[in-house]
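Colleague: Here you go, this is entry-v9.txt (compact mmCIF, C-alpha atoms and all ligand atoms).
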# COMPACT_ATOMS: atom_id res chain seq x y z
CA MET J 1 37.38 13.58 -36.47
CA ALA J 2 37.06 16.76 -38.49
CA ASP J 3 33.42 17.50 -39.19
CA ASP J 4 32.88 16.95 -42.89
CA ARG J 5 29.17 17.86 -42.87
CA LYS J 6 29.59 20.83 -45.23
CA GLU J 7 31.51 18.70 -47.67
CA ILE J 8 28.92 15.91 -47.44
CA LEU J 9 26.03 18.35 -48.01
CA GLU J 10 27.88 19.68 -51.06
CA LEU J 11 28.18 16.14 -52.47
CA PHE J 12 24.38 15.80 -52.30
CA LYS J 13 23.61 19.27 -53.66
CA ASP J 14 20.73 19.26 -56.20
CA LEU J 15 20.29 15.47 -56.03
CA ARG J 16 16.71 14.27 -56.07
CA VAL J 17 15.22 11.66 -53.73
CA ALA J 18 15.00 9.29 -56.71
CA ASP J 19 18.73 9.71 -57.48
CA VAL J 20 19.68 9.08 -53.88
CA ARG J 21 17.41 6.02 -53.84
CA ASP J 22 19.40 4.80 -56.87
CA GLY J 23 22.70 5.61 -55.13
CA LEU J 24 21.67 3.39 -52.21
CA ASP J 25 20.69 0.59 -54.61
CA TRP J 26 24.08 0.90 -56.37
CA ASN J 27 25.63 0.18 -52.96
CA MET J 28 23.41 -2.89 -52.42
CA LEU J 29 21.22 -1.10 -49.89
CA HIS J 30 17.93 -1.85 -51.63
CA HIS J 31 16.23 -2.66 -48.33
CA TYR J 32 17.30 0.51 -46.55
CA GLY J 33 16.65 4.22 -46.47
CA SER J 34 13.23 4.95 -47.96
CA VAL J 35 10.85 6.34 -45.33
CA HIS J 36 7.29 4.98 -45.75
CA TYR J 37 5.40 6.56 -48.64
CA SER J 38 2.68 7.91 -46.32
CA PHE J 39 5.13 10.68 -45.29
CA ARG J 40 4.29 13.71 -47.44
CA PRO J 41 5.54 17.32 -47.47
CA LEU J 42 3.25 20.18 -46.40
CA PHE J 43 4.27 21.97 -49.63
CA ARG J 44 6.39 21.18 -52.69
CA THR J 45 10.05 21.67 -51.88
CA ARG J 46 13.44 19.91 -51.83
CA VAL J 47 15.77 19.84 -48.82
CA ILE J 48 18.97 18.05 -47.93
CA GLY J 49 20.21 18.09 -44.34
CA ILE J 50 22.01 16.28 -41.56
CA ALA J 51 19.86 14.32 -39.11
CA LYS J 52 19.30 15.79 -35.64
CA THR J 53 17.20 13.22 -33.79
CA ALA J 54 14.78 13.31 -30.84
CA ARG J 55 12.43 10.77 -29.32
CA TYR J 56 9.11 11.36 -27.53
CA VAL J 57 6.92 8.67 -25.98
CA PRO J 58 3.25 8.52 -24.89
CA TYR J 59 2.45 10.11 -21.50
CA MET J 60 0.91 7.50 -19.24
CA GLU J 61 -0.31 9.54 -16.26
CA SER J 62 -3.83 10.92 -16.14
CA VAL J 63 -4.48 14.65 -16.14
CA PRO J 64 -5.83 15.79 -12.74
CA THR J 65 -9.11 17.72 -12.76
CA MET J 66 -8.44 21.43 -12.27
CA SER J 67 -9.72 24.90 -13.06
CA PRO J 68 -8.67 26.62 -16.32
CA GLU J 69 -6.40 28.91 -14.24
CA GLU J 70 -4.73 25.95 -12.57
CA TYR J 71 -4.49 24.30 -15.98
CA THR J 72 -2.57 27.28 -17.39
CA LYS J 73 0.05 26.78 -14.65
CA TRP J 74 0.06 23.02 -15.15
CA VAL J 75 0.67 23.38 -18.89
CA SER J 76 3.61 25.67 -18.23
CA TRP J 77 5.04 23.10 -15.75
CA TYR J 78 4.46 20.33 -18.30
CA TYR J 79 6.39 22.14 -21.04
CA LYS J 80 9.24 22.94 -18.60
CA GLU J 81 9.56 19.50 -17.03
CA ILE J 82 7.85 16.79 -19.09
CA CYS J 83 7.78 17.70 -22.73
CA THR J 84 11.01 19.63 -23.15
CA GLU J 85 12.99 20.38 -26.31
CA PRO J 86 16.66 20.25 -25.26
CA TRP J 87 17.66 19.61 -28.90
CA GLN J 88 16.57 23.13 -29.86
CA LYS J 89 19.66 24.64 -28.24
CA GLU J 90 21.95 22.28 -30.16
CA ILE J 91 20.65 22.94 -33.69
CA GLU J 92 23.41 23.57 -36.19
CA GLU J 93 23.23 25.11 -39.65
CA GLY J 94 21.97 22.41 -42.04
CA ASP J 95 20.28 20.16 -39.46
CA PHE J 96 17.25 18.14 -40.53
CA VAL J 97 15.17 17.63 -37.37
CA CYS J 98 13.95 14.01 -37.13
CA ILE J 99 11.26 13.53 -34.49
CA ASP J 100 10.18 10.07 -33.46
CA GLN J 101 7.03 10.82 -31.46
CA SER J 102 5.95 7.18 -31.34
CA SER J 103 3.29 7.97 -33.98
CA VAL J 104 1.19 9.73 -31.33
CA CYS J 105 -1.24 12.22 -32.90
CA VAL J 106 -0.06 15.39 -31.15
CA GLY J 107 1.35 18.59 -32.57
CA ILE J 108 4.75 18.65 -30.88
CA ILE J 109 5.94 20.95 -33.65
CA GLY J 110 3.91 24.04 -34.49
CA SER J 111 4.29 27.50 -35.99
CA ASN J 112 6.38 28.75 -33.08
CA ASN J 113 8.95 26.08 -32.23
CA SER J 114 9.48 25.21 -35.91
CA LEU J 115 10.40 28.86 -36.55
CA ASN J 116 12.77 28.85 -33.57
CA ALA J 117 14.62 25.81 -34.96
CA TYR J 118 14.65 27.41 -38.41
CA LYS J 119 16.16 30.58 -36.94
CA ASN J 120 18.94 28.44 -35.45
CA GLY J 121 19.74 26.77 -38.78
CA ALA J 122 17.34 23.81 -39.18
CA VAL J 123 16.49 23.21 -42.84
CA GLY J 124 13.56 20.82 -42.42
CA PHE J 125 11.52 18.47 -40.24
CA ILE J 126 10.29 14.91 -40.40
CA SER J 127 7.99 13.46 -37.75
CA ASN J 128 6.00 10.28 -37.41
CA GLY J 129 3.32 12.41 -35.71
CA GLY J 130 1.72 15.50 -37.14
CA PRO J 131 2.63 19.18 -37.14
CA ARG J 132 0.01 21.74 -36.00
CA ASP J 133 -0.50 25.34 -37.13
CA THR J 134 0.23 24.15 -40.66
CA ASP J 135 -0.95 27.35 -42.37
CA GLU J 136 1.79 29.33 -40.63
CA ILE J 137 4.41 26.60 -41.13
CA ILE J 138 3.65 26.81 -44.86
CA LEU J 139 3.65 30.62 -44.80
CA GLN J 140 7.03 30.55 -43.03
CA LYS J 141 8.29 28.13 -45.73
CA ILE J 142 9.51 25.57 -43.20
CA PRO J 143 9.79 22.19 -44.97
CA PHE J 144 7.90 19.46 -43.06
CA TRP J 145 7.21 15.80 -43.90
CA SER J 146 4.76 13.66 -41.92
CA PRO J 147 2.04 11.08 -42.52
CA PHE J 148 -0.71 13.31 -41.04
CA VAL J 149 -1.49 16.62 -39.32
CA SER J 150 -2.33 16.94 -35.60
CA GLN J 151 -4.34 19.50 -33.64
CA GLY J 152 -3.51 19.02 -29.96
CA MET J 153 -0.81 20.35 -27.65
CA ASP J 154 1.69 18.10 -25.83
CA GLN J 155 0.33 18.20 -22.28
CA GLY J 156 -1.22 14.95 -21.09
CA ARG J 157 -0.33 13.25 -24.38
CA ILE J 158 3.42 12.92 -24.87
CA ARG J 159 6.72 13.37 -23.06
CA TYR J 160 10.34 13.93 -24.04
CA GLU J 161 12.50 10.81 -23.83
CA ALA J 162 15.91 11.42 -25.47
CA HIS J 163 17.80 13.12 -28.26
CA ASN J 164 20.93 12.47 -30.34
CA ILE J 165 19.98 8.78 -30.37
CA PRO J 166 18.92 6.46 -33.22
CA VAL J 167 15.20 6.88 -33.93
CA SER J 168 12.74 4.82 -35.92
CA ILE J 169 10.64 6.82 -38.39
CA GLY J 170 8.55 5.35 -41.19
CA GLY J 171 10.40 2.03 -41.13
CA VAL J 172 13.90 3.55 -41.21
CA THR J 173 16.42 3.79 -38.38
CA ILE J 174 17.79 7.32 -38.53
CA HIS J 175 21.07 7.93 -36.71
CA PRO J 176 22.24 11.41 -35.73
CA GLY J 177 24.49 12.65 -38.54
CA ASP J 178 22.85 10.64 -41.33
CA VAL J 179 22.08 12.46 -44.56
CA VAL J 180 18.37 13.16 -45.06
CA VAL J 181 17.15 13.94 -48.58
CA ALA J 182 13.54 15.04 -49.01
CA ASP J 183 11.37 16.21 -51.89
CA ASN J 184 8.00 15.44 -53.41
CA ASP J 185 8.95 11.79 -53.87
CA GLY J 186 9.20 11.54 -50.05
CA ILE J 187 12.25 11.05 -47.84
CA VAL J 188 15.34 8.90 -48.14
CA VAL J 189 17.99 8.51 -45.44
CA VAL J 190 21.64 7.72 -46.14
CA PRO J 191 23.83 6.24 -43.37
CA ARG J 192 26.64 8.74 -42.82
CA GLN J 193 29.41 6.15 -43.33
CA LYS J 194 27.95 5.32 -46.78
CA ALA J 195 27.32 8.93 -47.78
CA ARG J 196 30.26 9.40 -50.17
CA ASP J 197 29.67 6.14 -52.06
CA VAL J 198 25.92 6.77 -52.29
CA ALA J 199 26.41 10.36 -53.50
CA LYS J 200 28.81 9.19 -56.24
CA TYR J 201 26.32 6.82 -57.87
CA ALA J 202 23.35 9.07 -57.18
CA ARG J 203 25.22 11.77 -59.13
CA GLN J 204 25.85 9.30 -61.98
CA GLU J 205 22.11 8.57 -62.28
CA PHE J 206 21.23 12.28 -61.97
CA GLU J 207 23.57 13.19 -64.83
CA ASN J 208 22.27 10.30 -66.97
CA ASP J 209 18.71 11.49 -66.42
CA LYS J 210 19.60 15.05 -67.44
CA LYS J 211 21.45 13.89 -70.56
CA GLY J 212 18.59 11.63 -71.66
CA ARG J 213 15.93 14.28 -71.15
CA ARG J 214 18.02 16.99 -72.78
CA LYS J 215 18.06 14.93 -76.00
CA LEU J 216 14.28 14.52 -75.78
CA TYR J 217 13.80 18.26 -75.11
CA GLU J 218 15.86 18.97 -78.25
CA ALA J 219 13.89 16.47 -80.32
CA LEU J 220 10.68 18.13 -79.09
CA GLY J 221 12.03 21.61 -79.86
CA TRP J 222 11.62 22.64 -76.21
CA GLU J 223 13.63 25.40 -74.60
CA LEU J 224 16.21 23.87 -72.23
CA ASP J 225 15.58 24.47 -68.53
CA ALA J 226 17.64 24.01 -65.36
CA THR J 227 16.56 20.36 -65.01
CA VAL J 228 18.39 19.34 -68.20
CA LEU J 229 21.49 21.56 -67.96
O1 LIG T 301 3.34 24.54 -28.44
C1 LIG T 301 3.61 23.51 -29.04
O2 LIG T 301 3.75 22.41 -28.49
C2 LIG T 301 3.76 23.55 -30.51
C3 LIG T 301 3.12 24.74 -31.10
O3 LIG T 301 1.93 24.85 -31.24
C4 LIG T 301 3.99 25.87 -31.52
O4 LIG T 301 5.20 25.84 -31.29
O5 LIG T 301 3.45 26.81 -32.13
MG MG T 302 1.26 26.84 -31.87
In structure tokens, write the structure found in this file.
Ligand SMILES: O=C([O-])CC(=O)C(=O)O
Ligand SMILES: [Mg+2]

Modeller:
Amino acid sequence: MADDRKEILELFKDLRVADVRDGLDWNMLHHYGSVHYSFRPLFRTRVIGIAKTARYVPYMESVPTMSPEEYTKWVSWYYKEICTEPWQKEIEEGDFVCIDQSSVCVGIIGSNNSLNAYKNGAVGFISNGGPRDTDEIILQKIPFWSPFVSQGMDQGRIRYEAHNIPVSIGGVTIHPGDVVVADNDGIVVVPRQKARDVAKYARQEFENDKKGRRKLYEALGWELDATVL
């Protein structure tokens, strides 16, 4: 199958989360797609991308007692063997990284690995855990949605399980390749096989909104801006 991701992303260009929500409704998918409202962006932004999924699960072993020097070595082993990020090497331009970390409060994604994914083409992140180093993530303008922020590193807390698999985030099953639309209204996920139909009716509602508000702008004597043109 030819990869139509560029074409799909173009169909969703400029659409708002609310429009895409409507597009799902117009396809009788009222029950599906809206990630729980507790997921908020670190800063106001809008991003549309293609889901790249990964799953992490709680680490069940205990951490052996050791000296800080031994701990430094242990942490490096942990990152190499237990809490790996094999998905990083597979990031494509336009990927929206979707991390199911089993809601564990640990900062799997921080200032450093978020920037690495961004460098490789990732356009945004959603996680059911929290990011850490949020000041730098904001400074680097890396879009990130989550229900909370986390402080701790991975070791002794979480381990890598799988990637490119369906994940469950905020009450939505996200499959690799799904369309992820995110803004200040939250996140909505569109199953890839429904993407064209959803985009069509989302666009209809988007244009209706612009038309309606343009008339009101004119009645108010306001200068027209990009949101009504
Ligand atoms: O090291 C980690 O697990 C995440 C992190 O803080 C970073 O990438 O900056
Ligand atoms: Mg860090």

Colleague: Build an axis-aligned box that encloses every atom of ligand LIG 301 (chain T) listed in the file, pad it by 4 Å on each side, and report its centre and edge lengths in Å to one decimal, as JSON.

Modeller:
{"center_x": 3.6, "center_y": 24.6, "center_z": -30.3, "size_x": 11.3, "size_y": 12.4, "size_z": 11.7}

Colleague: Nearest residue to Val106 of chain J out of J:Met66, J:Met153, J:Ile165, J:Ile174, using all atoms listed in the file?

Modeller: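 Once distances to Val106 of chain J are computed over all atoms listed in the file, the minimum belongs to J:Met153.
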
Colleague: Please compute the atom CA of Gly170 of chain J-atom CA of Gly124 of chain J distance, one decimal, in Å.

Modeller: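 These atoms are spaced 16.3 Å apart.
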
Colleague: With 9 Å as the threshold, what does the neighbourhood of (24.4, 10.9, -37.5) contain in terms of residues, counting all atoms listed in the file? Coordinates are those of the file; answer as JSON, numbers by chain.

Modeller: {"J": [50, 51, 52, 53, 164, 165, 166, 174, 175, 176, 177, 178, 179, 191, 192]}

Colleague: Please extract the residues at most 12 Å from ligand MG 302 (chain T), counting only C-alpha atoms and all ligand atoms, and provide them as a CSV table (one decimal) with C-alpha atoms, in the coordinates of the input, using the chain letters and residue numbers of this document.

Modeller:
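Dumped to result.csv:
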chain,number,residue,atom,x,y,z
J,106,VAL,CA,-0.1,15.4,-31.2
J,107,GLY,CA,1.4,18.6,-32.6
J,108,ILE,CA,4.8,18.6,-30.9
J,109,ILE,CA,5.9,21.0,-33.6
J,110,GLY,CA,3.9,24.0,-34.5
J,111,SER,CA,4.3,27.5,-36.0
J,112,ASN,CA,6.4,28.8,-33.1
J,113,ASN,CA,9.0,26.1,-32.2
J,114,SER,CA,9.5,25.2,-35.9
J,115,LEU,CA,10.4,28.9,-36.6
J,116,ASN,CA,12.8,28.8,-33.6
J,131,PRO,CA,2.6,19.2,-37.1
J,132,ARG,CA,0.0,21.7,-36.0
J,133,ASP,CA,-0.5,25.3,-37.1
J,134,THR,CA,0.2,24.2,-40.7
J,135,ASP,CA,-1.0,27.4,-42.4
J,136,GLU,CA,1.8,29.3,-40.6
J,137,ILE,CA,4.4,26.6,-41.1
J,150,SER,CA,-2.3,16.9,-35.6
J,151,GLN,CA,-4.3,19.5,-33.6
J,152,GLY,CA,-3.5,19.0,-30.0
J,153,MET,CA,-0.8,20.4,-27.6
J,154,ASP,CA,1.7,18.1,-25.8

Colleague: Let me make sure I understand: among J:Thr65, J:Ser76, J:Thr173, J:Asn184, which one has the smallest atom-to-atom distance to ligand LIG 301 (chain T) if we use only C-alpha atoms and all ligand atoms?

Modeller: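 Checking each candidate against ligand LIG 301 (chain T), we get J:Ser76 as the closest.
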
Colleague: For each of J:Phe148, J:Tyr79, J:Tyr59, J:Phe96, take the minimum atom-to-atom distance to ligand LIG 301 (chain T), counting all atoms listed in the file, then give the residue where this is smallest.

Modeller: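 Distance minimum relative to ligand LIG 301 (chain T) lands on J:Tyr79.
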
Colleague: Ranking J:Ala182, J:Val167, J:Ala202, J:Val35 by minimum distance to Gly23 of chain J and counting all atoms listed in the file, which one comes first?

Modeller: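 So, comparing all the options, the nearest one is J:Ala202.
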
Colleague: Tell me which of J:Ile126, J:Leu29, J:Ala117, J:Leu220 sits closest to ligand LIG 301 (chain T), counting all atoms listed in the file.

Modeller: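 Among the listed residues, the smallest separation from ligand LIG 301 (chain T) belongs to J:Ala117.
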
Colleague: For Ser34 of chain J, which residue out of J:Val57, J:Leu9, J:Glu218, J:Ile187 is the nearest one, using all atoms listed in the file?

Modeller: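 Ranking J:Val57, J:Leu9, J:Glu218, J:Ile187 by distance to Ser34 of chain J, first place goes to J:Ile187.
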
Colleague: Could you tell me how far atom CA of Val189 of chain J sits from atom CA of Glu90 of chain J, in Å to one decimal place?

Modeller: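 Separation between atom CA of Glu90 of chain J and atom CA of Val189 of chain J: 20.9 Å.
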
Colleague: What is the atom CA of Asn128 of chain J-atom CA of Tyr71 of chain J distance in Å, reported with one decimal?

Modeller: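 Separation between atom CA of Asn128 of chain J and atom CA of Tyr71 of chain J: 27.7 Å.
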
Colleague: Would you list the contacts of Val188 of chain J as a list of chain:residue names, taking every protein, DNA or RNA residue within 10 Å and counting all atoms listed in the file, but skipping same-chain residues closer than 5 positions in sequence?

Modeller: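 Here the qualifying residues turn out to be J:Arg16, J:Val17, J:Ala18, J:Asp19, J:Val20, J:Arg21, J:Leu24, J:Tyr32, J:Gly33, J:Ser34, J:Val35, J:His36, J:Ile48, J:Val172, J:Val179, J:Val180, J:Val181, J:Ala182, J:Asp183.
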
Colleague: For Glu161 of chain J, please output as a ChimeraX atom specification all residues within 8 Å (counting only C-alpha atoms; exclusion window: fewer than 3 positions along the same chain).

Modeller: /J:54-57

Colleague: Extract, using only C-alpha atoms, all DNA, RNA and protein residues at most 7 Å from Ile91 of chain J, discarding same-chain residues fewer than 3 positions from it, and format them as a list in words.

Modeller: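 Non-adjacent residues within range: Trp87, Gln88, Asp95, Ala117, Asn120, Gly121 and Ala122 of chain J.
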
Colleague: Neighbours of Ile138 of chain J within 10 Å (all atoms listed in the file; same-chain residues fewer than 6 positions away dropped), as a CSV table (one decimal) with C-alpha atoms, keeping the file's coordinate frame?

Modeller:
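New file result08.csv:
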chain,number,residue,atom,x,y,z
J,42,LEU,CA,3.2,20.2,-46.4
J,43,PHE,CA,4.3,22.0,-49.6
J,111,SER,CA,4.3,27.5,-36.0
J,144,PHE,CA,7.9,19.5,-43.1
